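Undergrad: Dropping in query-v7.txt, which is compact mmCIF, all heavy atoms:
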```
# COMPACT_ATOMS: atom_id res chain seq x y z
N ALA A 149 65.34 65.86 165.59
CA ALA A 149 64.80 65.95 166.93
C ALA A 149 65.87 66.41 167.92
O ALA A 149 65.59 67.19 168.81
CB ALA A 149 64.22 64.61 167.34
N ASP A 150 67.11 65.91 167.74
CA ASP A 150 68.19 66.29 168.65
C ASP A 150 68.53 67.78 168.52
O ASP A 150 68.79 68.45 169.51
CB ASP A 150 69.45 65.46 168.37
CG ASP A 150 69.29 64.01 168.76
OD1 ASP A 150 68.42 63.71 169.61
OD2 ASP A 150 70.05 63.17 168.24
N THR A 151 68.50 68.27 167.29
CA THR A 151 68.81 69.68 167.06
C THR A 151 67.77 70.57 167.73
O THR A 151 68.11 71.57 168.35
CB THR A 151 68.86 69.97 165.55
OG1 THR A 151 69.81 69.09 164.94
CG2 THR A 151 69.26 71.40 165.29
N GLU A 152 66.51 70.19 167.59
CA GLU A 152 65.44 70.99 168.19
C GLU A 152 65.51 70.94 169.72
O GLU A 152 65.29 71.95 170.39
CB GLU A 152 64.07 70.49 167.72
CG GLU A 152 62.94 71.41 168.10
CD GLU A 152 63.08 72.83 167.55
OE1 GLU A 152 63.56 72.98 166.41
OE2 GLU A 152 62.73 73.77 168.27
N ALA A 153 65.87 69.79 170.28
CA ALA A 153 66.02 69.67 171.73
C ALA A 153 67.16 70.55 172.24
O ALA A 153 67.05 71.21 173.27
CB ALA A 153 66.26 68.22 172.12
N ALA A 154 68.26 70.57 171.50
CA ALA A 154 69.40 71.41 171.88
C ALA A 154 69.02 72.88 171.80
O ALA A 154 69.38 73.68 172.68
CB ALA A 154 70.60 71.12 170.98
N ALA A 155 68.29 73.27 170.77
CA ALA A 155 67.85 74.65 170.63
C ALA A 155 66.90 75.03 171.75
O ALA A 155 66.99 76.13 172.31
CB ALA A 155 67.19 74.86 169.27
N ASP A 156 65.99 74.14 172.11
CA ASP A 156 65.06 74.41 173.21
C ASP A 156 65.81 74.58 174.54
O ASP A 156 65.49 75.47 175.33
CB ASP A 156 64.03 73.29 173.34
CG ASP A 156 63.04 73.27 172.19
OD1 ASP A 156 62.91 74.30 171.49
OD2 ASP A 156 62.40 72.21 171.99
N THR A 157 66.80 73.74 174.77
CA THR A 157 67.60 73.85 176.00
C THR A 157 68.35 75.18 176.03
O THR A 157 68.41 75.85 177.07
CB THR A 157 68.60 72.68 176.09
OG1 THR A 157 67.86 71.45 176.08
CG2 THR A 157 69.42 72.76 177.36
N ALA A 158 68.92 75.57 174.90
CA ALA A 158 69.65 76.84 174.83
C ALA A 158 68.71 78.01 175.11
O ALA A 158 69.04 78.91 175.88
CB ALA A 158 70.31 77.00 173.46
N ARG A 159 67.54 77.99 174.49
CA ARG A 159 66.56 79.06 174.71
C ARG A 159 66.12 79.12 176.18
O ARG A 159 65.94 80.20 176.74
CB ARG A 159 65.35 78.87 173.81
CG ARG A 159 65.62 79.18 172.36
CD ARG A 159 64.33 79.08 171.52
NE ARG A 159 64.63 79.08 170.12
CZ ARG A 159 64.62 77.99 169.34
NH1 ARG A 159 64.29 76.82 169.83
NH2 ARG A 159 64.92 78.09 168.07
N ALA A 160 65.96 77.95 176.80
CA ALA A 160 65.55 77.90 178.21
C ALA A 160 66.59 78.52 179.13
O ALA A 160 66.26 79.02 180.20
CB ALA A 160 65.28 76.46 178.61
N HIS A 161 67.84 78.53 178.68
CA HIS A 161 68.91 79.13 179.47
C HIS A 161 69.25 80.55 179.01
O HIS A 161 70.29 81.09 179.37
CB HIS A 161 70.15 78.24 179.40
CG HIS A 161 70.01 76.99 180.21
ND1 HIS A 161 69.47 75.83 179.68
CD2 HIS A 161 70.31 76.72 181.49
CE1 HIS A 161 69.45 74.91 180.61
NE2 HIS A 161 69.95 75.42 181.74
N GLY A 162 68.39 81.13 178.19
CA GLY A 162 68.56 82.53 177.78
C GLY A 162 69.54 82.75 176.64
O GLY A 162 70.01 83.86 176.42
N VAL A 163 69.87 81.70 175.91
CA VAL A 163 70.79 81.82 174.78
C VAL A 163 69.98 82.01 173.51
O VAL A 163 69.05 81.25 173.24
CB VAL A 163 71.68 80.57 174.66
CG1 VAL A 163 72.59 80.66 173.45
CG2 VAL A 163 72.48 80.35 175.93
N ALA A 164 70.34 83.03 172.73
CA ALA A 164 69.66 83.27 171.46
C ALA A 164 70.05 82.18 170.46
O ALA A 164 71.21 81.80 170.37
CB ALA A 164 70.03 84.63 170.91
N VAL A 165 69.08 81.70 169.73
CA VAL A 165 69.31 80.65 168.75
C VAL A 165 68.81 81.12 167.40
O VAL A 165 67.72 81.67 167.29
CB VAL A 165 68.56 79.35 169.15
CG1 VAL A 165 68.73 78.29 168.07
CG2 VAL A 165 69.05 78.84 170.49
N SER A 166 69.63 80.95 166.37
CA SER A 166 69.20 81.26 165.02
C SER A 166 69.64 80.12 164.11
O SER A 166 70.60 79.41 164.41
CB SER A 166 69.77 82.60 164.54
OG SER A 166 71.17 82.54 164.51
N GLU A 167 68.95 79.97 163.02
CA GLU A 167 69.25 78.90 162.08
C GLU A 167 69.66 79.49 160.74
O GLU A 167 69.12 80.51 160.32
CB GLU A 167 68.04 78.01 161.87
CG GLU A 167 67.62 77.25 163.10
CD GLU A 167 66.42 76.35 162.85
OE1 GLU A 167 66.19 75.99 161.67
OE2 GLU A 167 65.73 76.04 163.81
N ALA A 168 70.61 78.84 160.11
CA ALA A 168 71.01 79.22 158.76
C ALA A 168 70.55 78.11 157.83
O ALA A 168 70.82 76.94 158.06
CB ALA A 168 72.52 79.38 158.68
N ALA A 169 69.83 78.49 156.80
CA ALA A 169 69.33 77.51 155.84
C ALA A 169 69.78 77.90 154.44
O ALA A 169 69.87 79.09 154.12
CB ALA A 169 67.81 77.44 155.90
N ALA A 170 70.09 76.90 153.66
CA ALA A 170 70.50 77.15 152.29
C ALA A 170 69.29 77.58 151.46
O ALA A 170 68.18 77.10 151.67
CB ALA A 170 71.12 75.89 151.68
N GLU A 171 69.53 78.48 150.53
CA GLU A 171 68.46 78.92 149.64
C GLU A 171 68.18 77.85 148.60
O GLU A 171 68.96 76.92 148.41
CB GLU A 171 68.86 80.23 148.95
CG GLU A 171 69.01 81.39 149.93
CD GLU A 171 69.37 82.68 149.22
OE1 GLU A 171 69.27 82.75 147.99
OE2 GLU A 171 69.74 83.61 149.92
N GLU A 172 67.07 77.99 147.92
CA GLU A 172 66.70 77.04 146.86
C GLU A 172 67.72 77.10 145.74
O GLU A 172 68.31 78.14 145.47
CB GLU A 172 65.31 77.37 146.32
CG GLU A 172 64.21 77.19 147.33
CD GLU A 172 63.97 75.74 147.67
OE1 GLU A 172 64.13 74.87 146.79
OE2 GLU A 172 63.63 75.48 148.84
N GLY A 173 67.91 76.01 145.06
CA GLY A 173 68.80 75.98 143.91
C GLY A 173 69.52 74.64 143.83
O GLY A 173 69.23 73.71 144.57
N HIS A 174 70.46 74.59 142.93
CA HIS A 174 71.27 73.40 142.74
C HIS A 174 72.08 73.12 144.01
O HIS A 174 72.41 74.03 144.76
CB HIS A 174 72.21 73.61 141.55
CG HIS A 174 72.92 72.38 141.13
ND1 HIS A 174 74.12 72.00 141.67
CD2 HIS A 174 72.60 71.43 140.23
CE1 HIS A 174 74.52 70.87 141.13
NE2 HIS A 174 73.61 70.50 140.23
N SER A 175 72.41 71.88 144.25
CA SER A 175 73.12 71.51 145.47
C SER A 175 74.46 72.23 145.60
O SER A 175 74.87 72.61 146.70
CB SER A 175 73.32 70.00 145.55
OG SER A 175 74.04 69.53 144.44
N TRP A 176 75.14 72.48 144.48
CA TRP A 176 76.41 73.21 144.53
C TRP A 176 76.20 74.67 144.91
O TRP A 176 77.02 75.26 145.62
CB TRP A 176 77.15 73.11 143.19
CG TRP A 176 77.75 71.76 142.97
CD1 TRP A 176 77.30 70.80 142.11
CD2 TRP A 176 78.88 71.19 143.63
NE1 TRP A 176 78.09 69.68 142.20
CE2 TRP A 176 79.08 69.90 143.12
CE3 TRP A 176 79.76 71.66 144.60
CZ2 TRP A 176 80.11 69.07 143.55
CZ3 TRP A 176 80.78 70.84 145.03
CH2 TRP A 176 80.95 69.56 144.51
N GLU A 177 75.13 75.25 144.42
CA GLU A 177 74.81 76.64 144.78
C GLU A 177 74.48 76.75 146.26
O GLU A 177 74.91 77.69 146.93
CB GLU A 177 73.62 77.13 143.95
CG GLU A 177 73.93 77.30 142.49
CD GLU A 177 72.70 77.65 141.68
OE1 GLU A 177 71.65 76.99 141.87
OE2 GLU A 177 72.79 78.60 140.87
N ARG A 178 73.73 75.80 146.78
CA ARG A 178 73.39 75.81 148.21
C ARG A 178 74.64 75.65 149.06
O ARG A 178 74.82 76.35 150.06
CB ARG A 178 72.37 74.71 148.51
CG ARG A 178 71.03 74.96 147.83
CD ARG A 178 69.91 74.05 148.32
NE ARG A 178 70.30 72.75 148.78
CZ ARG A 178 70.13 71.61 148.10
NH1 ARG A 178 69.59 71.64 146.91
NH2 ARG A 178 70.48 70.46 148.63
N LEU A 179 75.53 74.73 148.66
CA LEU A 179 76.78 74.52 149.38
C LEU A 179 77.64 75.78 149.35
O LEU A 179 78.17 76.20 150.38
CB LEU A 179 77.54 73.34 148.79
CG LEU A 179 78.91 73.06 149.40
CD1 LEU A 179 78.75 72.69 150.87
CD2 LEU A 179 79.62 71.96 148.63
N ALA A 180 77.75 76.42 148.20
CA ALA A 180 78.55 77.64 148.08
C ALA A 180 77.99 78.75 148.97
O ALA A 180 78.75 79.50 149.59
CB ALA A 180 78.60 78.10 146.63
N GLY A 181 76.68 78.86 149.04
CA GLY A 181 76.07 79.87 149.90
C GLY A 181 76.37 79.64 151.37
O GLY A 181 76.67 80.58 152.11
N LEU A 182 76.34 78.39 151.81
CA LEU A 182 76.65 78.09 153.21
C LEU A 182 78.14 78.30 153.51
O LEU A 182 78.50 78.77 154.58
CB LEU A 182 76.23 76.66 153.54
CG LEU A 182 74.72 76.42 153.55
CD1 LEU A 182 74.42 74.94 153.73
CD2 LEU A 182 74.04 77.26 154.62
N ILE A 183 79.00 77.97 152.55
CA ILE A 183 80.43 78.21 152.74
C ILE A 183 80.71 79.70 152.83
O ILE A 183 81.49 80.15 153.67
CB ILE A 183 81.25 77.56 151.61
CG1 ILE A 183 81.20 76.04 151.76
CG2 ILE A 183 82.69 78.05 151.62
CD1 ILE A 183 81.80 75.28 150.60
N ALA A 184 80.07 80.49 151.98
CA ALA A 184 80.26 81.94 152.01
C ALA A 184 79.80 82.52 153.35
O ALA A 184 80.48 83.38 153.93
CB ALA A 184 79.51 82.61 150.86
N LEU A 185 78.68 82.05 153.86
CA LEU A 185 78.19 82.51 155.16
C LEU A 185 79.18 82.15 156.26
O LEU A 185 79.50 82.97 157.12
CB LEU A 185 76.82 81.90 155.45
CG LEU A 185 76.23 82.22 156.82
CD1 LEU A 185 76.01 83.72 156.96
CD2 LEU A 185 74.94 81.45 157.04
N THR A 186 79.68 80.92 156.24
CA THR A 186 80.65 80.49 157.25
C THR A 186 81.92 81.31 157.17
O THR A 186 82.49 81.71 158.20
CB THR A 186 80.97 78.99 157.05
OG1 THR A 186 79.76 78.25 157.10
CG2 THR A 186 81.93 78.49 158.11
N ASP A 187 82.40 81.60 155.97
CA ASP A 187 83.59 82.41 155.79
C ASP A 187 83.38 83.81 156.36
O ASP A 187 84.24 84.35 157.05
CB ASP A 187 83.96 82.48 154.31
CG ASP A 187 85.27 83.19 154.06
OD1 ASP A 187 86.25 82.85 154.76
OD2 ASP A 187 85.31 84.07 153.20
N TYR A 188 82.23 84.41 156.08
CA TYR A 188 81.91 85.73 156.60
C TYR A 188 81.91 85.73 158.13
O TYR A 188 82.47 86.61 158.76
CB TYR A 188 80.55 86.19 156.07
CG TYR A 188 80.06 87.47 156.70
CD1 TYR A 188 80.56 88.69 156.30
CD2 TYR A 188 79.10 87.44 157.72
CE1 TYR A 188 80.12 89.86 156.89
CE2 TYR A 188 78.66 88.59 158.31
CZ TYR A 188 79.17 89.81 157.90
OH TYR A 188 78.74 90.95 158.50
N VAL A 189 81.29 84.72 158.71
CA VAL A 189 81.19 84.64 160.17
C VAL A 189 82.57 84.50 160.80
O VAL A 189 82.87 85.14 161.81
CB VAL A 189 80.27 83.47 160.59
CG1 VAL A 189 80.36 83.19 162.08
CG2 VAL A 189 78.84 83.78 160.20
N THR A 190 83.45 83.68 160.22
CA THR A 190 84.77 83.50 160.81
C THR A 190 85.59 84.78 160.76
O THR A 190 86.29 85.11 161.72
CB THR A 190 85.54 82.35 160.14
OG1 THR A 190 85.64 82.61 158.74
CG2 THR A 190 84.86 81.03 160.36
N VAL A 191 85.50 85.53 159.67
CA VAL A 191 86.21 86.80 159.58
C VAL A 191 85.63 87.80 160.58
O VAL A 191 86.36 88.50 161.28
CB VAL A 191 86.17 87.36 158.14
CG1 VAL A 191 86.73 88.78 158.09
CG2 VAL A 191 86.96 86.46 157.21
N TYR A 192 84.32 87.86 160.67
CA TYR A 192 83.66 88.77 161.61
C TYR A 192 84.08 88.47 163.05
O TYR A 192 84.39 89.37 163.83
CB TYR A 192 82.14 88.64 161.45
CG TYR A 192 81.34 89.55 162.33
CD1 TYR A 192 81.12 90.88 161.97
CD2 TYR A 192 80.79 89.09 163.52
CE1 TYR A 192 80.37 91.72 162.79
CE2 TYR A 192 80.05 89.93 164.34
CZ TYR A 192 79.85 91.23 163.97
OH TYR A 192 79.12 92.06 164.77
N LEU A 193 84.11 87.19 163.43
CA LEU A 193 84.52 86.81 164.78
C LEU A 193 85.99 87.12 165.03
O LEU A 193 86.36 87.55 166.12
CB LEU A 193 84.24 85.33 165.03
CG LEU A 193 82.78 84.96 165.21
CD1 LEU A 193 82.64 83.45 165.28
CD2 LEU A 193 82.21 85.61 166.46
N ALA A 194 86.84 86.90 164.03
CA ALA A 194 88.25 87.22 164.19
C ALA A 194 88.44 88.71 164.46
O ALA A 194 89.19 89.10 165.37
CB ALA A 194 89.04 86.80 162.95
N VAL A 195 87.75 89.53 163.71
CA VAL A 195 87.84 90.99 163.92
C VAL A 195 87.29 91.36 165.29
O VAL A 195 87.87 92.17 166.01
CB VAL A 195 87.10 91.74 162.79
CG1 VAL A 195 86.99 93.22 163.10
CG2 VAL A 195 87.82 91.53 161.45
N ALA A 196 86.19 90.74 165.69
CA ALA A 196 85.60 91.03 166.99
C ALA A 196 86.55 90.67 168.14
O ALA A 196 86.57 91.35 169.17
CB ALA A 196 84.27 90.28 167.15
N TYR A 197 87.33 89.62 167.96
CA TYR A 197 88.28 89.20 168.99
C TYR A 197 89.65 89.86 168.84
O TYR A 197 90.57 89.55 169.59
CB TYR A 197 88.43 87.68 168.99
CG TYR A 197 87.31 86.99 169.72
CD1 TYR A 197 86.29 86.36 169.02
CD2 TYR A 197 87.26 86.95 171.10
CE1 TYR A 197 85.25 85.73 169.67
CE2 TYR A 197 86.23 86.32 171.77
CZ TYR A 197 85.23 85.72 171.06
OH TYR A 197 84.21 85.09 171.71
N GLY A 198 89.79 90.73 167.86
CA GLY A 198 91.05 91.45 167.68
C GLY A 198 92.15 90.62 167.05
O GLY A 198 93.33 90.87 167.27
N VAL A 199 91.78 89.64 166.26
CA VAL A 199 92.75 88.78 165.59
C VAL A 199 92.76 89.14 164.12
O VAL A 199 91.71 89.33 163.50
CB VAL A 199 92.36 87.29 165.76
CG1 VAL A 199 93.31 86.39 165.00
CG2 VAL A 199 92.32 86.92 167.23
N GLU A 200 93.95 89.22 163.53
CA GLU A 200 94.05 89.47 162.09
C GLU A 200 93.64 88.19 161.36
O GLU A 200 94.33 87.17 161.45
CB GLU A 200 95.48 89.84 161.71
CG GLU A 200 95.73 89.99 160.24
CD GLU A 200 94.84 91.02 159.57
OE1 GLU A 200 94.64 92.10 160.13
OE2 GLU A 200 94.35 90.73 158.47
N PRO A 201 92.50 88.20 160.67
CA PRO A 201 91.97 86.96 160.09
C PRO A 201 92.85 86.34 159.01
O PRO A 201 92.83 85.14 158.82
CB PRO A 201 90.61 87.37 159.53
CG PRO A 201 90.58 88.82 159.51
CD PRO A 201 91.63 89.33 160.44
N LEU A 202 93.63 87.13 158.30
CA LEU A 202 94.41 86.58 157.21
C LEU A 202 95.74 85.99 157.65
O LEU A 202 96.41 85.32 156.86
CB LEU A 202 94.64 87.64 156.12
CG LEU A 202 93.35 88.15 155.46
CD1 LEU A 202 93.67 89.21 154.43
CD2 LEU A 202 92.58 87.00 154.83
N THR A 203 96.17 86.22 158.88
CA THR A 203 97.43 85.65 159.33
C THR A 203 97.25 84.24 159.87
O THR A 203 98.21 83.51 160.00
CB THR A 203 98.09 86.52 160.42
OG1 THR A 203 97.19 86.63 161.53
CG2 THR A 203 98.42 87.89 159.89
N HIS A 204 96.04 83.87 160.21
CA HIS A 204 95.76 82.53 160.74
C HIS A 204 94.93 81.77 159.74
O HIS A 204 93.75 81.53 159.93
CB HIS A 204 95.01 82.62 162.08
CG HIS A 204 95.75 83.35 163.13
ND1 HIS A 204 97.11 83.36 163.24
CD2 HIS A 204 95.32 84.14 164.13
CE1 HIS A 204 97.48 84.08 164.26
NE2 HIS A 204 96.41 84.58 164.81
N THR A 205 95.55 81.39 158.67
CA THR A 205 94.80 80.69 157.63
C THR A 205 95.41 79.31 157.38
O THR A 205 96.60 79.12 157.53
CB THR A 205 94.78 81.50 156.32
OG1 THR A 205 94.06 80.78 155.34
CG2 THR A 205 96.15 81.79 155.78
N LEU A 206 94.58 78.36 157.04
CA LEU A 206 95.04 77.03 156.72
C LEU A 206 95.34 76.88 155.24
O LEU A 206 95.88 75.89 154.81
CB LEU A 206 93.99 76.00 157.15
CG LEU A 206 93.70 75.94 158.64
CD1 LEU A 206 92.56 74.96 158.91
CD2 LEU A 206 94.93 75.54 159.42
N VAL A 207 94.97 77.89 154.48
CA VAL A 207 95.18 77.86 153.04
C VAL A 207 96.59 78.34 152.73
O VAL A 207 96.99 79.42 153.14
CB VAL A 207 94.16 78.73 152.30
CG1 VAL A 207 94.42 78.72 150.81
CG2 VAL A 207 92.75 78.25 152.62
N VAL A 208 97.36 77.53 152.04
CA VAL A 208 98.71 77.92 151.64
C VAL A 208 98.59 78.66 150.32
O VAL A 208 98.05 78.16 149.35
CB VAL A 208 99.61 76.68 151.49
CG1 VAL A 208 101.00 77.09 151.03
CG2 VAL A 208 99.67 75.91 152.79
N ARG A 209 99.13 79.84 150.30
CA ARG A 209 99.03 80.66 149.08
C ARG A 209 100.30 80.59 148.28
O ARG A 209 101.35 80.56 148.71
CB ARG A 209 98.72 82.10 149.46
CG ARG A 209 97.39 82.18 150.14
CD ARG A 209 97.17 83.56 150.69
NE ARG A 209 96.05 83.46 151.61
CZ ARG A 209 94.95 84.17 151.50
NH1 ARG A 209 94.81 85.03 150.57
NH2 ARG A 209 93.98 84.02 152.36
```
Please render this file's structure as structure tokens.
TA:
Amino acid sequence: ADTEAAADTARAHGVAVSEAAAEEGHSWERLAGLIALTDYVTVYLAVAYGVEPLTHTLVVR
């Protein structure tokens, strides 16, 4: 209910709202799909803001 109220408030103020849902499958497959989507979005936003996405990583290689 809280999520829907927040989405309604955002829409009322002219903010586009979209939802990401996991596809059907095993719980690990659903989790991997959401992680992949999140990873894609973070790289896309880094490029959009002019930041090199691989230089700001928390993963030690």
Undergrad: Adding 3 Å on each side of the box along x, y and z that holds all listed atoms of range 157-167 of chain A, could you give its centre and edge lengths in Å to one decimal, as JSON?
TA:
```
{"center_x": 68.4, "center_y": 78.0, "center_z": 171.0, "size_x": 14.3, "size_y": 19.2, "size_z": 27.4}
```
Undergrad: At what distance in Å, to one decimal, does CA of Leu185 in chain A lie from CA of Ala170 in chain A?
TA: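 CA of Leu185 in chain A lies 9.8 Å from CA of Ala170 in chain A.
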Undergrad: I'd like the interatomic distance between CD2 of His174 in chain A and atom O of Asp187 in chain A, to a tenth of an Å.
TA: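 Atom O of Asp187 in chain A lies at a distance of 24.2 Å from CD2 of His174 in chain A.
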Undergrad: Go ahead and compute the interatomic distance for CA of Ala184 in chain A and CA of Glu167 in chain A, in Å to one decimal.
TA: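 Those two atoms sit 15.2 Å apart.
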Undergrad: With all heavy atoms as the counted atoms, please give the residues lying no more than 5 Å from Pro201 in chain A, apart from itself and same-chain residues fewer than 6 positions off, as an MDAnalysis selection string.
TA: chainID A and resid 191 194:195
